[in-house]
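Enquirer: So that you have it, the file is entry_4.txt, and it contains compact mmCIF, C-alpha atoms:
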# COMPACT_ATOMS: atom_id res chain seq x y z
CA MET A 1 123.50 -50.85 -77.68
CA LYS A 2 123.21 -54.65 -77.93
CA THR A 3 122.04 -56.20 -74.68
CA ILE A 4 121.70 -52.82 -72.98
CA ASN A 5 118.72 -52.08 -75.20
CA TYR A 6 117.30 -55.54 -74.63
CA ILE A 7 117.40 -55.34 -70.85
CA ILE A 8 116.45 -51.72 -70.43
CA LEU A 9 113.76 -51.57 -73.09
CA GLU A 10 111.19 -52.91 -70.67
CA ILE A 11 111.87 -50.03 -68.29
CA ILE A 12 109.37 -48.09 -70.38
CA PHE A 13 106.63 -49.64 -68.24
CA ILE A 14 108.26 -48.04 -65.21
CA LEU A 15 108.36 -44.65 -66.87
CA LEU A 16 104.69 -44.81 -67.66
CA SER A 17 103.93 -45.31 -63.97
CA ILE A 18 106.35 -42.73 -62.58
CA SER A 19 103.64 -40.08 -62.76
CA SER A 20 102.02 -41.71 -59.72
CA LEU A 21 105.37 -41.82 -57.92
CA SER A 22 105.95 -38.14 -58.59
CA GLN A 23 102.71 -37.12 -56.88
CA GLY A 24 104.02 -37.24 -53.34
CA GLN A 25 104.55 -40.99 -52.98
CA ASP A 26 107.90 -42.45 -51.94
CA SER A 27 109.65 -44.24 -54.77
CA ASP A 28 109.86 -47.99 -54.28
CA LEU A 29 111.76 -49.02 -57.40
CA LYS A 30 113.71 -52.28 -57.13
CA PHE A 31 115.58 -54.56 -59.52
CA LEU A 32 115.43 -58.14 -58.21
CA GLU A 33 116.44 -61.52 -59.59
CA ALA A 34 113.47 -63.66 -60.60
CA TYR A 35 113.01 -67.41 -60.92
CA THR A 36 112.30 -68.77 -64.38
CA PHE A 37 109.30 -70.98 -65.00
CA GLY A 38 111.65 -73.92 -65.50
CA GLU A 39 113.54 -73.33 -62.24
CA PHE A 40 110.40 -72.88 -60.20
CA THR A 41 108.35 -75.78 -61.52
CA ALA A 42 111.33 -78.15 -61.23
CA MET A 43 110.91 -77.83 -57.45
CA LEU A 44 107.31 -79.06 -57.58
CA ASP A 45 105.61 -82.38 -58.15
CA GLN A 46 103.64 -82.35 -61.41
CA ASN A 47 100.49 -83.18 -59.42
CA ASP A 48 100.86 -80.09 -57.26
CA PRO A 49 97.66 -77.99 -57.13
CA PHE A 50 99.75 -75.06 -58.39
CA PHE A 51 99.41 -76.39 -61.95
CA ARG A 52 95.63 -76.55 -61.69
CA MET A 53 95.20 -73.14 -60.11
CA LEU A 54 97.05 -71.17 -62.79
CA GLU A 55 97.22 -71.26 -66.56
CA THR A 56 100.75 -72.50 -67.25
CA ALA A 57 100.52 -74.34 -70.56
CA ASP A 58 102.08 -71.56 -72.65
CA ARG A 59 105.08 -70.92 -70.39
CA SER A 60 108.56 -71.56 -71.77
CA THR A 61 111.27 -72.75 -69.38
CA GLU A 62 113.04 -69.35 -69.60
CA SER A 63 109.91 -67.30 -69.01
CA SER A 64 109.87 -65.17 -65.88
CA LYS A 65 106.08 -65.50 -65.76
CA LEU A 66 104.97 -68.52 -63.76
CA GLY A 67 101.41 -68.50 -65.02
CA TYR A 68 98.25 -66.51 -65.47
CA CYS A 69 95.60 -66.18 -62.78
CA SER A 70 92.06 -64.89 -63.17
CA ASP A 71 90.96 -62.09 -60.87
CA SER A 72 88.24 -64.30 -59.42
CA ASN A 73 90.83 -66.86 -58.30
CA LYS A 74 93.62 -64.56 -57.09
CA ASP A 75 92.74 -64.77 -53.39
CA ASN A 76 92.67 -68.59 -53.45
CA VAL A 77 95.98 -68.77 -55.32
CA TRP A 78 97.64 -66.24 -53.00
CA ALA A 79 96.49 -68.18 -49.93
CA TYR A 80 97.83 -71.46 -51.34
CA LEU A 81 101.18 -69.92 -52.34
CA HIS A 82 101.70 -68.75 -48.77
CA SER A 83 100.48 -71.90 -47.05
CA PRO A 84 103.14 -73.69 -44.95
CA SER A 85 102.68 -76.91 -46.93
CA PHE A 86 103.57 -75.14 -50.19
CA LEU A 87 106.33 -72.90 -48.84
CA ASN A 88 108.08 -75.92 -47.36
CA LYS A 89 108.72 -77.13 -50.92
CA LEU A 90 110.59 -73.95 -51.87
CA PRO A 91 113.81 -72.14 -50.93
CA LYS A 92 113.46 -69.61 -48.14
CA ASP A 93 114.29 -66.69 -50.44
CA VAL A 94 111.15 -66.97 -52.61
CA ARG A 95 108.69 -64.09 -52.59
CA PHE A 96 105.70 -63.84 -54.90
CA ALA A 97 104.44 -60.82 -56.81
CA TRP A 98 101.75 -60.08 -59.34
CA GLY A 99 102.53 -58.42 -62.64
CA ALA A 100 101.47 -54.86 -63.35
CA GLU A 101 100.54 -55.61 -66.96
CA GLU A 102 97.04 -54.53 -67.89
CA GLN A 103 95.07 -57.71 -68.58
CA THR A 104 91.39 -58.26 -69.27
CA ASP A 105 90.53 -60.46 -66.33
CA GLY A 106 93.63 -61.40 -64.38
CA LYS A 107 97.34 -61.08 -63.63
CA TYR A 108 100.60 -62.91 -64.27
CA LEU A 109 102.46 -64.38 -61.31
CA TYR A 110 106.20 -64.04 -60.64
CA ALA A 111 108.54 -65.65 -58.11
CA LEU A 112 111.28 -63.26 -56.97
CA LYS A 113 114.33 -63.76 -54.79
CA GLU A 114 114.49 -61.88 -51.51
CA PRO A 115 116.96 -58.97 -51.76
CA THR A 116 120.59 -59.67 -51.00
CA ASP A 117 123.56 -57.32 -51.03
CA VAL A 118 123.56 -57.66 -54.83
CA TYR A 119 120.37 -55.89 -55.82
CA MET A 120 119.22 -52.41 -56.72
CA GLY A 121 116.69 -50.75 -54.48
CA PRO A 122 115.70 -47.20 -53.57
CA GLY A 123 118.79 -44.99 -53.58
CA HIS A 124 120.79 -47.31 -55.85
CA ALA A 125 119.06 -46.53 -59.15
CA GLU A 126 119.72 -42.80 -59.20
CA ILE A 127 120.03 -41.31 -62.67
CA ALA A 128 122.93 -38.91 -63.07
CA GLN A 129 122.17 -37.84 -66.63
CA ILE A 130 119.37 -38.18 -69.15
CA GLU A 131 119.23 -37.00 -72.75
CA ILE A 132 117.29 -37.56 -75.96
CA SER A 133 119.15 -38.84 -79.01
CA ASP A 134 118.04 -40.60 -82.20
CA GLY A 135 114.55 -41.32 -80.88
CA MET A 136 115.83 -42.82 -77.61
CA LEU A 137 116.30 -41.77 -74.00
CA LEU A 138 119.91 -42.27 -72.97
CA LEU A 139 120.35 -42.76 -69.22
CA THR A 140 123.46 -42.76 -67.11
CA PHE A 141 123.22 -44.13 -63.59
CA SER A 142 125.02 -42.43 -60.74
CA LYS A 143 128.41 -43.87 -59.73
CA GLU A 144 126.84 -46.08 -57.06
CA GLY A 145 123.98 -47.07 -59.35
CA SER A 146 126.40 -47.98 -62.13
CA GLY A 147 128.39 -50.25 -59.82
CA LYS A 148 125.23 -51.89 -58.51
CA TRP A 149 123.92 -52.44 -62.03
CA THR A 150 127.16 -54.16 -63.02
CA GLU A 151 127.05 -56.36 -59.90
CA LEU A 152 123.43 -57.28 -60.47
CA THR A 153 123.80 -58.14 -64.16
CA GLN A 154 126.93 -60.17 -63.38
CA ALA A 155 125.18 -62.12 -60.62
CA SER A 156 122.10 -62.66 -62.80
CA LEU A 157 123.64 -63.87 -66.06
CA GLY A 158 121.21 -66.19 -67.80
CA LYS A 159 118.43 -65.22 -65.40
CA PRO A 160 115.64 -62.65 -65.42
CA ILE A 161 115.87 -59.37 -63.52
CA ALA A 162 112.48 -58.15 -62.33
CA ILE A 163 111.69 -54.44 -62.40
CA VAL A 164 109.45 -53.89 -59.37
CA ILE A 165 107.52 -50.86 -58.16
CA HIS A 166 105.37 -51.05 -55.03
CA ASP A 167 105.55 -54.86 -55.12
CA LEU A 168 104.23 -55.13 -58.70
CA VAL A 169 106.44 -56.53 -61.47
CA TYR A 170 106.49 -54.29 -64.51
CA SER A 171 108.82 -56.53 -66.50
CA ALA A 172 111.46 -59.21 -65.98
CA PRO A 173 113.80 -59.39 -69.01
CA MET A 174 116.58 -61.98 -69.29
CA VAL A 175 120.21 -60.93 -68.67
CA ARG A 176 122.42 -62.07 -71.56
CA GLU A 177 125.67 -60.32 -70.64
CA VAL A 178 127.24 -58.14 -67.94
CA ILE A 179 126.53 -54.42 -68.42
CA ARG A 180 129.27 -52.04 -67.31
CA GLY A 181 129.54 -48.28 -67.28
CA GLY A 182 126.00 -47.47 -66.19
CA ASN A 183 124.86 -46.35 -69.65
CA CYS A 184 121.39 -47.52 -70.66
CA ALA A 185 119.10 -46.77 -73.59
CA ILE A 186 115.30 -46.74 -73.69
CA SER A 187 114.05 -47.26 -77.22
CA GLY A 188 110.62 -47.56 -78.74
CA ASN A 189 108.24 -45.97 -81.20
CA PHE A 190 108.07 -42.64 -79.38
CA THR A 191 107.04 -39.28 -80.75
CA SER A 192 109.18 -36.30 -79.82
CA ASP A 193 106.47 -35.15 -77.40
CA GLU A 194 106.37 -38.57 -75.71
CA LEU A 195 110.15 -38.57 -75.32
CA ALA A 196 110.08 -35.08 -73.84
CA HIS A 197 107.34 -36.14 -71.43
CA LEU A 198 109.26 -39.24 -70.30
CA LYS A 199 112.40 -37.17 -69.83
CA ALA A 200 110.49 -34.65 -67.71
CA LEU A 201 109.02 -37.41 -65.53
CA LEU A 202 112.46 -38.85 -64.86
CA GLU A 203 113.99 -35.47 -64.13
CA ASN A 204 111.26 -34.75 -61.60
Mind converting the file's structure to structure tokens?

Expert:
Amino acid sequence: MKTINYIILEIIFILLSISSLSQGQDSDLKFLEAYTFGEFTAMLDQNDPFFRMLETADRSTESSKLGYCSDSNKDNVWAYLHSPSFLNKLPKDVRFAWGAEEQTDGKYLYALKEPTDVYMGPGHAEIAQIEISDGMLLLTFSKEGSGKWTELTQASLGKPIAIVIHDLVYSAPMVREVIRGGNCAISGNFTSDELAHLKALLEN
């Protein structure tokens, strides 16, 4: 499965949250290109307050996470990120989002690119087939979804693709090669019951 496994593995976080989407809410699943820590911080002066407001010391240049923010400081950080003085330093396509990861006292911050024609949003990520095999869920996107996935991975080579639901980032793995054919595998240490449950959630 090579890179397919690598990119799609993180989709497990989406599956674990689909139960809330299947309770009458409209699905808002998107796949968007994200800025890396290196790309984003290269646009800022090293004395910018951004570096004092978030924990950034452990970020690698390829990381899709810009930094970690405590819950007590989230409102201040959000206000600064959207201030005209800060936004003027950045491209017009930047949009910010918090991570959905469960943390003790805060959230990770991501910088995403506003959707263009090359992105996957609601209606593009339809699953045509799903089956269980060798401890994995094997997914096949619909014809349109398959084409969109190929376009997106081609346009995002060497960059992270963020998996976003209701404006929260569930993961943003790096794209290492173009994925064609629309076939994806979700692997992990699942029991047979967990796989069956995940399959049922997707089918619903």

Enquirer: Would you list the contacts of Gly38 in chain A as a ChimeraX atom specification, taking every protein, DNA or RNA residue within 9 Å and counting all atoms listed in the file, but skipping same-chain residues closer than 2 positions in sequence?

Expert: /A:35-36,40-43,59-64,66

Enquirer: With distances taken over all atoms listed in the file, which residue among A:Lys159, A:Arg180, A:Lys92, A:Lys65 lies nearest Phe141 in chain A?

Expert: A:Arg180

Enquirer: One number please: CA of Asp193 in chain A to CA of Ile132 in chain A, in Å, one decimal.

Expert: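 Spanning CA of Asp193 in chain A to CA of Ile132 in chain A is a straight-line distance of 11.2 Å.
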
Enquirer: Between A:Phe37, A:Tyr68, A:Tyr170, A:Phe50, which one has atoms that come closest to His82 in chain A, using all atoms listed in the file?

Expert: A:Phe50

Enquirer: Please compute the CA of Val175 in chain A-CA of Leu157 in chain A distance, one decimal, in Å.

Expert: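 According to the coordinates, CA of Val175 in chain A and CA of Leu157 in chain A are separated by 5.2 Å.
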
Enquirer: Using CA of Gly181 in chain A and CA of Met136 in chain A as the two end points, give the distance in Å to one decimal.

Expert: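 A separation of 18.0 Å between them.
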
Enquirer: Using all atoms of range 41-56 of chain A that appear in the file, construct an axis-aligned enclosing box with 6 Å of padding on every side and provide its centre coordinates and edge lengths in Å, rounded to one decimal, as AutoDock Vina command-line options.

Expert:
--center_x 103.3 --center_y -77.2 --center_z -62.2 --size_x 28.1 --size_y 24.0 --size_z 22.1

Enquirer: Considering all atoms listed in the file, can you say which of A:Asn76, A:Gln154, A:Gln129, A:Ser83 comes closest to Ser142 in chain A?

Expert: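 Result for the nearest residue to Ser142 in chain A: A:Gln129.
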
Enquirer: Which residue out of A:Arg52, A:Arg95, A:Lys113, A:Lys148 has the minimum interatomic distance to Val178 in chain A when all atoms listed in the file are used?

Expert: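 Of A:Arg52, A:Arg95, A:Lys113, A:Lys148, the one nearest Val178 in chain A, counting all atoms listed in the file, is A:Lys148.
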
Enquirer: Closest to Leu109 in chain A among A:His166, A:Lys89, A:Lys74, A:Lys143, using all atoms listed in the file?

Expert: A:Lys74

Enquirer: Choose the residue, out of A:Val77, A:Ala34, A:Cys69, A:Met174, that has the smallest atom-to-atom separation from Pro49 in chain A; count only C-alpha atoms.

Expert: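 Nearest to Pro49 in chain A: A:Val77.
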